[in-house]
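> Just dropping this structure here.
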Amino acid sequence: MPIEIYASKFAAEPAERHETSERMSVAAWLRANVPSFEVREKAPISVTINGQPIDPASWDDAEFTPADTVSICVEPKGSTLETIFRPGPLAKLFGLGNPFAQPKAPTAPKNPGKGQDLDLARVKGNQVSLNAVIPELAGRFKRYPDYLLPAHRYFGAPREHWIEMLLCIGKGKYDLPASRIKVGDTPIISLGADAQFAVYQPGANLSAEPAANWWHSASEVGATSTGTAGLELNATYEVEPSPGATAYGFTGFDIGIPAGAGQFPDGWAAGMIVRVEVAYPYTVIEGGGSRDIIQGDLSQLAPFPGMKIEIVGDNAGFYQVETFTPGVGVPDEMTLSYVGGGAVMGLKTGSVSMGIGYDGLRYRITAAGTYSISVDRLTDTGATDTAWPGFLPLTSAAATLYLDGSTQEGAWAGPFSACPDGETTNRLEWDVMFPQGLSRISQNDGGLREISVRVEMQYRDRETAGAWTSITKTYTGKTLDTIGFTESVNLPAAMRPEVRMRRIGAKSTKTNYQDVVQWYGLKALLPIKKSYEGVTVLAVRVRGGDRLASQSENLISVEATRVLPVRNGGAWDVETPTRDIVPWVIHVAHSIGYTDDDLDMAELDRLHAIWTTRGDYYDAAIESPGTVKQSLLEALQAGFADFTIDRGLIRPVRDEPRTVMEHPYTPQNMTKALSRQFSALKPDDFDGVDVEYTDGKTWQKETVECRLPGDAGIRVEKMKLDGVTGRTQAWRIGMRRRMEQKYRRWSYSFGTELDALNSRYLSYVPLQDDVPGYGQSALMLSYDSGIIESSEPFDWSAGGAHVVGIRRPDGTLSGPYAATRIDDYRLSITGLDFEPDTSWSIEPPHLLFGPVNRWSYPALITFISPSGTDGASVEAVNYSPLVYTYDNATPPA
């Protein structure tokens, strides 16, 4: 059974069939028949075997035999098709291939088919709204730069459509390697001569950069609602183009219509140009390895070596005369060469009927009547042939006459203003396109013949509405491929011009002519500044062609790394590309007027060393307005840190493993007793965390699952991380959150006088209350050689080792120290790191006593709120070292 290829799901019949005689997999067959084929998760084709759909992931395993029916159907998924089916057998089926391939010279086809569409340069940067925030990048991030100016599109050659863009990378300076500038998913450097680019740092002079020119495109010219790429330029015959007579008589310089055979149309007059196709009898003799010989009365041709001729009828084509031998008592003889060189052989031999004349077979009417006209012959260059002896006498019912379109003028398209209100220009640019190519298809051998179309453009100053200035262009082609042309003119003075355009000569009504012409674009060069302060600029020039997809609108993207001053060894260093968190935090603070004196630089330097060692980065594109606080919070989050203002300084606080406790809080310095709340595990608690982040390789939103052993992931918390582009970093943050869910179950609140103002956000502190079996607090009454006397009796009933912590005069904790019992009120320690003052000239040290594992509640301060001028309320959560278990771990594969 065959392998059937369907152009769409709606096709009733396959467009192509293939046979196979062996058992093989779907992927193996595609690889064998489609060069550069590759399996993808989302394929632009669907495959069925005996009616059963085959998932793309299974194409390597799914096998079929010669007895099976395999159907391959094109899915409507855009230009992805082009990236999978590159030029090859199936590529031809799906209408792909090289859009710039030159057509081969026809051998003997009857139908040359359809030409290639011009692959217009469809690369574009993001649109940007007026007065929008200028994007700014932190670290390394992918973004689609914004237009600084309208894109400039033009034809560099008939089959080359170029686009020039001036794009804004973002506010500030950036490092931008060439390999990180892409057109779609293709590095721009891979496009070779089809693309150029230049990067300009803030404030650079762009005077010599062509992409920095502002070309304003008139919106009235271009694609239409009927689906055409431009405004079609039409011309209609004011008179009937062909007599349509049933017979014609030729003799000398006259062409007549016999009685009863018709008449020449009204309006045919001297000066018009008519194409005349009339065949005479000749004999062609095979050249026997040399040029074939044409014999007959060639006097009316008046041939000479090098003469460019056209033959219609038998042996139709375009040639040039190689030799001519006048006959004396014998027929004239002539041999031919092809216009591009090479001997003409293989002509139809024997008695033939051919019309032979100058290339174009054009004649100018010198006089016209109802039943006859007189003509002069025109050469291939359009000049009058004074050596022409006239037609040999002949009456023919097969001859055809029709007016050449170059004698007609079409209606104007426009006028349209080339400039916006209030603007002037001194240079215009306009584009014309031939969407179906420009050629004539020979009705005899299907070969392509060269034809020409003339277009007239006129402009004038809109304000003065004076006389029109005309520019006429002639376009000649011999191709069925889409072609386009860009023209320009310098105006005599700055003006706001209005422009109109028309075709000179009617579009042919014959099906074998392809001469549709469209007005594709109208542009005016406007004045614009040539430097952009404070932003990095990318200039790009790209040619549409066989290196780019023809149906997708690819975007110019960049992966830029921010350039910022960095710190090294506690001091400022040079500007450098950096993804680190601290340079960005300091930059944000500096951007609103803060100085180093307003920042806790020592803590920033400490954290910088930690983050760079761990590989914690902050990569983000800030494209929408927000507060400085939001920006700092987001950046610090990437390093397990938070933003605080501590005694007037911007200070990051990192939630990290602790070993040294700070200020203790006990009933001795609490004005409101400690309240403890425990959140017990419940069936509806989260049992997993899913972290969504932007992956720094694919630049797509990815999700990493964060699970503890035993987690079913039935009810998961969703986290969105902005600024994190590494999977490991995102997983670690998610696992930290998961560990907080499981091990931070206690919350505390209490009140103090002003003691709590000594603590900070996330200070690591010991808390105590008067619950029996836990720690107890007291005052130190005396201290002598390691022996401490307490104001309260010590409770040793819990057994085992006990410790004691001591509050220093500055409120911080010393210890805890291993305690040895002396009696109910005394214990001994060793190594006290300060000299206690028990004179009561100041408040004596506080004691925190209890079992080694229950002498206090380790906690992290989360909230301190002053109450008037003599108190504060405090909130905290329990500290558990288990929370940090996965901080340095690696996610499962």
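Order determines the names: the first chain of the structure tokens is A, the second B, and so forth; residues in each chain are numbered 1 upward, and ligands are numbered 1 upward as they are shown.
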Do you know which residues are at most 8 Å from Ser442 in chain A counting only C-alpha atoms, after dropping those on the same chain fewer than 6 positions away, and could you put them as a list in words?

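Selected residues are Ala316, Gly317, Leu448, Arg449 and Asn512 of chain A.
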
> Save out the residues we just selected, N, CA, C and O atoms, as a tab-separated table (two decimals), in the first residue's frame.


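Dumped to again-v4.tsv:
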```
chain	number	residue	atom	x	y	z
A	316	ALA	N	9.43	28.12	-31.96
A	316	ALA	CA	9.30	29.41	-31.29
A	316	ALA	C	10.42	29.61	-30.28
A	316	ALA	O	10.86	28.67	-29.60
A	317	GLY	N	10.89	30.83	-30.18
A	317	GLY	CA	11.93	31.15	-29.21
A	317	GLY	C	12.63	32.43	-29.56
A	317	GLY	O	12.26	33.14	-30.51
A	448	LEU	N	10.06	30.96	-21.37
A	448	LEU	CA	9.81	32.31	-20.89
A	448	LEU	C	10.43	33.32	-21.84
A	448	LEU	O	11.55	33.15	-22.31
A	449	ARG	N	9.67	34.39	-22.09
A	449	ARG	CA	10.12	35.45	-22.98
A	449	ARG	C	10.17	36.77	-22.22
A	449	ARG	O	9.34	37.04	-21.35
A	512	ASN	N	-1.05	34.03	-20.98
A	512	ASN	CA	0.37	33.66	-20.99
A	512	ASN	C	1.28	34.85	-20.68
A	512	ASN	O	2.50	34.75	-20.80
```

> Name the residues of range 631-858 of chain A that fall into helix (DSSP H, G or I) according to DSSP on the backbone, using the chain letters and numbers of this document, as a list in words.

Ser631, Leu632, Leu633, Glu634, Ala635, Leu636, Gln637, Arg727, Thr728, Gln729, Ala730, Trp731, Arg732, Ile733, Gly734, Met735, Arg736, Arg737, Arg738, Met739, Glu740, Gln741, Lys742, Tyr743, Asp755, Ala756, Leu757 and Asn758 of chain A

> What does the file look like for those residues with N, CA and C atoms, as a PDB file, in the first residue's frame?


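Saved to out.pdb:
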```pdb
ATOM      1  N   SER A 631      11.648  46.527  42.976  1.00  0.00           N
ATOM      2  CA  SER A 631      12.811  46.071  42.222  1.00  0.00           C
ATOM      3  C   SER A 631      13.855  45.448  43.141  1.00  0.00           C
ATOM      4  N   LEU A 632      14.093  46.081  44.286  1.00  0.00           N
ATOM      5  CA  LEU A 632      15.083  45.534  45.222  1.00  0.00           C
ATOM      6  C   LEU A 632      14.603  44.230  45.838  1.00  0.00           C
ATOM      7  N   LEU A 633      13.336  44.151  46.199  1.00  0.00           N
ATOM      8  CA  LEU A 633      12.798  42.921  46.773  1.00  0.00           C
ATOM      9  C   LEU A 633      12.942  41.752  45.809  1.00  0.00           C
ATOM     10  N   GLU A 634      12.636  42.009  44.541  1.00  0.00           N
ATOM     11  CA  GLU A 634      12.705  40.935  43.542  1.00  0.00           C
ATOM     12  C   GLU A 634      14.137  40.465  43.349  1.00  0.00           C
ATOM     13  N   ALA A 635      15.082  41.403  43.303  1.00  0.00           N
ATOM     14  CA  ALA A 635      16.476  41.032  43.107  1.00  0.00           C
ATOM     15  C   ALA A 635      17.025  40.258  44.304  1.00  0.00           C
ATOM     16  N   LEU A 636      16.714  40.720  45.502  1.00  0.00           N
ATOM     17  CA  LEU A 636      17.240  40.067  46.695  1.00  0.00           C
ATOM     18  C   LEU A 636      16.617  38.699  46.929  1.00  0.00           C
ATOM     19  N   GLN A 637      15.380  38.527  46.469  1.00  0.00           N
ATOM     20  CA  GLN A 637      14.713  37.236  46.602  1.00  0.00           C
ATOM     21  C   GLN A 637      15.511  36.121  45.931  1.00  0.00           C
ATOM     22  N   ARG A 727      17.643  26.574  36.477  1.00  0.00           N
ATOM     23  CA  ARG A 727      16.775  25.559  37.067  1.00  0.00           C
ATOM     24  C   ARG A 727      17.205  25.222  38.485  1.00  0.00           C
ATOM     25  N   THR A 728      18.501  25.099  38.708  1.00  0.00           N
ATOM     26  CA  THR A 728      18.983  24.756  40.050  1.00  0.00           C
ATOM     27  C   THR A 728      18.628  25.838  41.046  1.00  0.00           C
ATOM     28  N   GLN A 729      18.843  27.095  40.658  1.00  0.00           N
ATOM     29  CA  GLN A 729      18.534  28.197  41.558  1.00  0.00           C
ATOM     30  C   GLN A 729      17.040  28.247  41.858  1.00  0.00           C
ATOM     31  N   ALA A 730      16.207  28.036  40.849  1.00  0.00           N
ATOM     32  CA  ALA A 730      14.755  28.047  41.056  1.00  0.00           C
ATOM     33  C   ALA A 730      14.331  26.885  41.954  1.00  0.00           C
ATOM     34  N   TRP A 731      14.934  25.709  41.735  1.00  0.00           N
ATOM     35  CA  TRP A 731      14.592  24.534  42.555  1.00  0.00           C
ATOM     36  C   TRP A 731      14.980  24.752  44.010  1.00  0.00           C
ATOM     37  N   ARG A 732      16.142  25.345  44.238  1.00  0.00           N
ATOM     38  CA  ARG A 732      16.571  25.589  45.609  1.00  0.00           C
ATOM     39  C   ARG A 732      15.626  26.544  46.332  1.00  0.00           C
ATOM     40  N   ILE A 733      15.189  27.566  45.633  1.00  0.00           N
ATOM     41  CA  ILE A 733      14.249  28.503  46.255  1.00  0.00           C
ATOM     42  C   ILE A 733      12.929  27.807  46.549  1.00  0.00           C
ATOM     43  N   GLY A 734      12.482  26.954  45.608  1.00  0.00           N
ATOM     44  CA  GLY A 734      11.248  26.210  45.838  1.00  0.00           C
ATOM     45  C   GLY A 734      11.375  25.222  46.986  1.00  0.00           C
ATOM     46  N   MET A 735      12.517  24.553  47.084  1.00  0.00           N
ATOM     47  CA  MET A 735      12.726  23.615  48.182  1.00  0.00           C
ATOM     48  C   MET A 735      12.816  24.343  49.519  1.00  0.00           C
ATOM     49  N   ARG A 736      13.421  25.538  49.514  1.00  0.00           N
ATOM     50  CA  ARG A 736      13.435  26.339  50.749  1.00  0.00           C
ATOM     51  C   ARG A 736      12.008  26.620  51.199  1.00  0.00           C
ATOM     52  N   ARG A 737      11.157  26.993  50.223  1.00  0.00           N
ATOM     53  CA  ARG A 737       9.765  27.267  50.562  1.00  0.00           C
ATOM     54  C   ARG A 737       9.073  26.009  51.090  1.00  0.00           C
ATOM     55  N   ARG A 738       9.368  24.871  50.467  1.00  0.00           N
ATOM     56  CA  ARG A 738       8.748  23.630  50.918  1.00  0.00           C
ATOM     57  C   ARG A 738       9.190  23.286  52.345  1.00  0.00           C
ATOM     58  N   MET A 739      10.461  23.509  52.673  1.00  0.00           N
ATOM     59  CA  MET A 739      10.951  23.239  54.018  1.00  0.00           C
ATOM     60  C   MET A 739      10.361  24.211  55.034  1.00  0.00           C
ATOM     61  N   GLU A 740      10.123  25.446  54.613  1.00  0.00           N
ATOM     62  CA  GLU A 740       9.446  26.397  55.508  1.00  0.00           C
ATOM     63  C   GLU A 740       8.041  25.903  55.825  1.00  0.00           C
ATOM     64  N   GLN A 741       7.349  25.393  54.804  1.00  0.00           N
ATOM     65  CA  GLN A 741       5.993  24.875  55.030  1.00  0.00           C
ATOM     66  C   GLN A 741       6.003  23.768  56.085  1.00  0.00           C
ATOM     67  N   LYS A 742       7.033  22.969  56.066  1.00  0.00           N
ATOM     68  CA  LYS A 742       7.047  21.805  56.948  1.00  0.00           C
ATOM     69  C   LYS A 742       7.635  22.094  58.323  1.00  0.00           C
ATOM     70  N   TYR A 743       8.615  22.957  58.387  1.00  0.00           N
ATOM     71  CA  TYR A 743       9.358  23.102  59.647  1.00  0.00           C
ATOM     72  C   TYR A 743       9.217  24.462  60.317  1.00  0.00           C
ATOM     73  N   ASP A 755      13.844  47.408  74.608  1.00  0.00           N
ATOM     74  CA  ASP A 755      14.865  46.404  74.333  1.00  0.00           C
ATOM     75  C   ASP A 755      14.789  45.870  72.906  1.00  0.00           C
ATOM     76  N   ALA A 756      13.558  45.634  72.429  1.00  0.00           N
ATOM     77  CA  ALA A 756      13.396  44.997  71.113  1.00  0.00           C
ATOM     78  C   ALA A 756      13.937  45.852  69.976  1.00  0.00           C
ATOM     79  N   LEU A 757      14.108  47.163  70.227  1.00  0.00           N
ATOM     80  CA  LEU A 757      14.642  48.013  69.162  1.00  0.00           C
ATOM     81  C   LEU A 757      16.114  47.726  68.893  1.00  0.00           C
ATOM     82  N   ASN A 758      16.732  46.896  69.753  1.00  0.00           N
ATOM     83  CA  ASN A 758      18.095  46.459  69.472  1.00  0.00           C
ATOM     84  C   ASN A 758      18.143  45.407  68.370  1.00  0.00           C
TER      85      ASN A 758
END
```

> One number please: CA of Tyr783 in chain A to CA of Thr666 in chain A, in Å, one decimal.

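These atoms are spaced 20.4 Å apart.
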
> Compile the contact shell of range 798-812 of chain A as JSON, numbers by chain: residues with an atom at most 6 Å away, counting only C-alpha atoms, same-chain residues fewer than 4 positions apart removed.

{"A": [662, 663, 816, 817, 818, 819, 845, 846, 847, 848, 849, 850, 851, 852]}

> Considering only C-alpha atoms, can you say which of A:Val704, A:Ile829, A:Ala195, A:Leu233 comes closest to Leu721 in chain A?

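Of the candidates, the smallest distance to Leu721 in chain A is held by A:Val704.
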
> Measuring between only C-alpha atoms, which one of A:Met661, A:Val877, A:Arg745, A:Asn669 shows the shortest distance to Leu779 in chain A?

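Residue with the minimum atom-to-atom distance to Leu779 in chain A: A:Asn669.
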
> My list of candidates is A:Pro657, A:Gly534, A:Pro892, A:Pro243. Which is closest to Tyr402 in chain A when distances are computed with only C-alpha atoms?

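Nearest to Tyr402 in chain A: A:Pro243.
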
> Excluding Arg821 in chain A and its own-chain neighbours fewer than 4 positions away, which residues fall within 10 Å of it when counting only C-alpha atoms? Please give them as a PDB file with N, CA, C and O atoms, in the first residue's frame.


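Done, and the output landed in result_7.pdb:
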```pdb
ATOM      1  N   ILE A 787      31.613  31.270  89.334  1.00  0.00           N
ATOM      2  CA  ILE A 787      30.433  30.851  90.109  1.00  0.00           C
ATOM      3  C   ILE A 787      29.389  31.951  90.016  1.00  0.00           C
ATOM      4  O   ILE A 787      29.659  33.124  90.301  1.00  0.00           O
ATOM      5  N   PHE A 794      17.434  27.406  90.727  1.00  0.00           N
ATOM      6  CA  PHE A 794      17.525  26.684  89.460  1.00  0.00           C
ATOM      7  C   PHE A 794      16.785  25.352  89.551  1.00  0.00           C
ATOM      8  O   PHE A 794      16.864  24.649  90.546  1.00  0.00           O
ATOM      9  N   TRP A 796      16.682  21.763  88.267  1.00  0.00           N
ATOM     10  CA  TRP A 796      17.504  20.750  87.627  1.00  0.00           C
ATOM     11  C   TRP A 796      16.731  19.447  87.438  1.00  0.00           C
ATOM     12  O   TRP A 796      17.303  18.402  87.120  1.00  0.00           O
ATOM     13  N   HIS A 802      22.703  20.721  81.391  1.00  0.00           N
ATOM     14  CA  HIS A 802      22.044  22.010  81.396  1.00  0.00           C
ATOM     15  C   HIS A 802      23.026  23.082  80.948  1.00  0.00           C
ATOM     16  O   HIS A 802      24.245  22.903  81.032  1.00  0.00           O
ATOM     17  N   TYR A 825      20.791  27.808  94.187  1.00  0.00           N
ATOM     18  CA  TYR A 825      20.928  29.167  93.689  1.00  0.00           C
ATOM     19  C   TYR A 825      22.264  29.419  92.987  1.00  0.00           C
ATOM     20  O   TYR A 825      22.490  30.513  92.483  1.00  0.00           O
ATOM     21  N   ARG A 826      23.137  28.421  93.005  1.00  0.00           N
ATOM     22  CA  ARG A 826      24.444  28.661  92.412  1.00  0.00           C
ATOM     23  C   ARG A 826      24.814  27.553  91.410  1.00  0.00           C
ATOM     24  O   ARG A 826      24.425  26.396  91.578  1.00  0.00           O
ATOM     25  N   LEU A 827      25.567  27.993  90.399  1.00  0.00           N
ATOM     26  CA  LEU A 827      26.133  27.067  89.414  1.00  0.00           C
ATOM     27  C   LEU A 827      27.469  27.635  88.963  1.00  0.00           C
ATOM     28  O   LEU A 827      27.781  28.803  89.204  1.00  0.00           O
ATOM     29  N   SER A 828      28.236  26.777  88.304  1.00  0.00           N
ATOM     30  CA  SER A 828      29.543  27.238  87.837  1.00  0.00           C
ATOM     31  C   SER A 828      29.660  27.031  86.319  1.00  0.00           C
ATOM     32  O   SER A 828      29.077  26.106  85.747  1.00  0.00           O
ATOM     33  N   ILE A 829      30.416  27.944  85.689  1.00  0.00           N
ATOM     34  CA  ILE A 829      30.702  27.878  84.251  1.00  0.00           C
ATOM     35  C   ILE A 829      32.169  28.176  84.051  1.00  0.00           C
ATOM     36  O   ILE A 829      32.868  28.616  84.982  1.00  0.00           O
TER      37      ILE A 829
END
```

> Which is closest to Pro177 in chain A among A:Phe64, A:Phe197, A:Tyr6, A:Phe304, if we use only C-alpha atoms?

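Under the stated criterion, the closest residue is A:Phe197.
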
> Do a neighbour search on Pro326 in chain A at 10 Å with only C-alpha atoms, toss out local chain neighbours closer than 5 positions, and write the hits as number ranges by chain.

A: 295-299, 302-303, 331-334

> Report as a list in words all protein, DNA and RNA residues lying within 9 Å of Tyr280 in chain A, evaluated on only C-alpha atoms, omitting residues in the same chain fewer than 5 positions from it.

Val352, Ser353, Met354, Gly355, Ile356, Leu392 and Leu394 of chain A

> Work out how far CA of Pro652 in chain A is from CA of Ala889 in chain A, in Å to one decimal.

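These atoms are spaced 23.6 Å apart.
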
> Here is a test: counting only C-alpha atoms, which residue of A:Val585, A:Leu401, A:Val284, A:Leu301 is nearest to Asp600 in chain A?

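Closest residue, counting only C-alpha atoms: A:Val585.
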
> Find the residues around range 338-345 of chain A up to 6 Å (only C-alpha atoms counted), leave out those fewer than 5 positions away in its own chain, and share them as a short mmCIF file (atom, residue, chain, number, x, y, z; two decimals) with all heavy atoms, in the first residue's frame.


```cif
data_model
loop_
_atom_site.label_atom_id
_atom_site.label_comp_id
_atom_site.auth_asym_id
_atom_site.auth_seq_id
_atom_site.Cartn_x
_atom_site.Cartn_y
_atom_site.Cartn_z
N ARG A 291 25.13 23.66 -36.63
CA ARG A 291 23.88 24.41 -36.54
C ARG A 291 22.89 23.96 -37.62
O ARG A 291 23.26 23.71 -38.76
CB ARG A 291 24.13 25.91 -36.68
CG ARG A 291 24.84 26.52 -35.48
CD ARG A 291 25.09 28.01 -35.71
NE ARG A 291 25.61 28.65 -34.52
CZ ARG A 291 26.89 28.67 -34.17
NH1 ARG A 291 27.77 28.05 -34.96
NH2 ARG A 291 27.28 29.26 -33.06
N ASP A 292 21.61 23.87 -37.26
CA ASP A 292 20.57 23.59 -38.25
C ASP A 292 20.45 24.79 -39.20
O ASP A 292 20.73 25.94 -38.82
CB ASP A 292 19.23 23.34 -37.56
CG ASP A 292 19.25 22.05 -36.73
OD1 ASP A 292 20.14 21.22 -36.96
OD2 ASP A 292 18.37 21.91 -35.85
N TYR A 319 16.37 34.11 -30.42
CA TYR A 319 17.65 33.72 -30.95
C TYR A 319 18.39 34.96 -31.46
O TYR A 319 17.87 36.08 -31.42
CB TYR A 319 17.48 32.73 -32.12
CG TYR A 319 16.55 31.57 -31.84
CD1 TYR A 319 15.20 31.65 -32.19
CD2 TYR A 319 17.03 30.40 -31.27
CE1 TYR A 319 14.34 30.58 -31.93
CE2 TYR A 319 16.18 29.33 -31.02
CZ TYR A 319 14.83 29.43 -31.35
OH TYR A 319 13.99 28.38 -31.11
N GLN A 320 19.61 34.71 -31.99
CA GLN A 320 20.29 35.73 -32.77
C GLN A 320 20.90 35.08 -34.00
O GLN A 320 21.28 33.89 -33.97
CB GLN A 320 21.34 36.47 -31.95
CG GLN A 320 22.52 35.64 -31.50
CD GLN A 320 23.47 36.46 -30.64
OE1 GLN A 320 23.06 37.42 -30.00
NE2 GLN A 320 24.74 36.06 -30.63
#
```

> So which one's closest to Ala413 in chain A, A:Met501, A:Ile365, A:Val517, A:Ala399? Using only C-alpha atoms, please.

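Of A:Met501, A:Ile365, A:Val517, A:Ala399, the one nearest Ala413 in chain A, counting only C-alpha atoms, is A:Met501.
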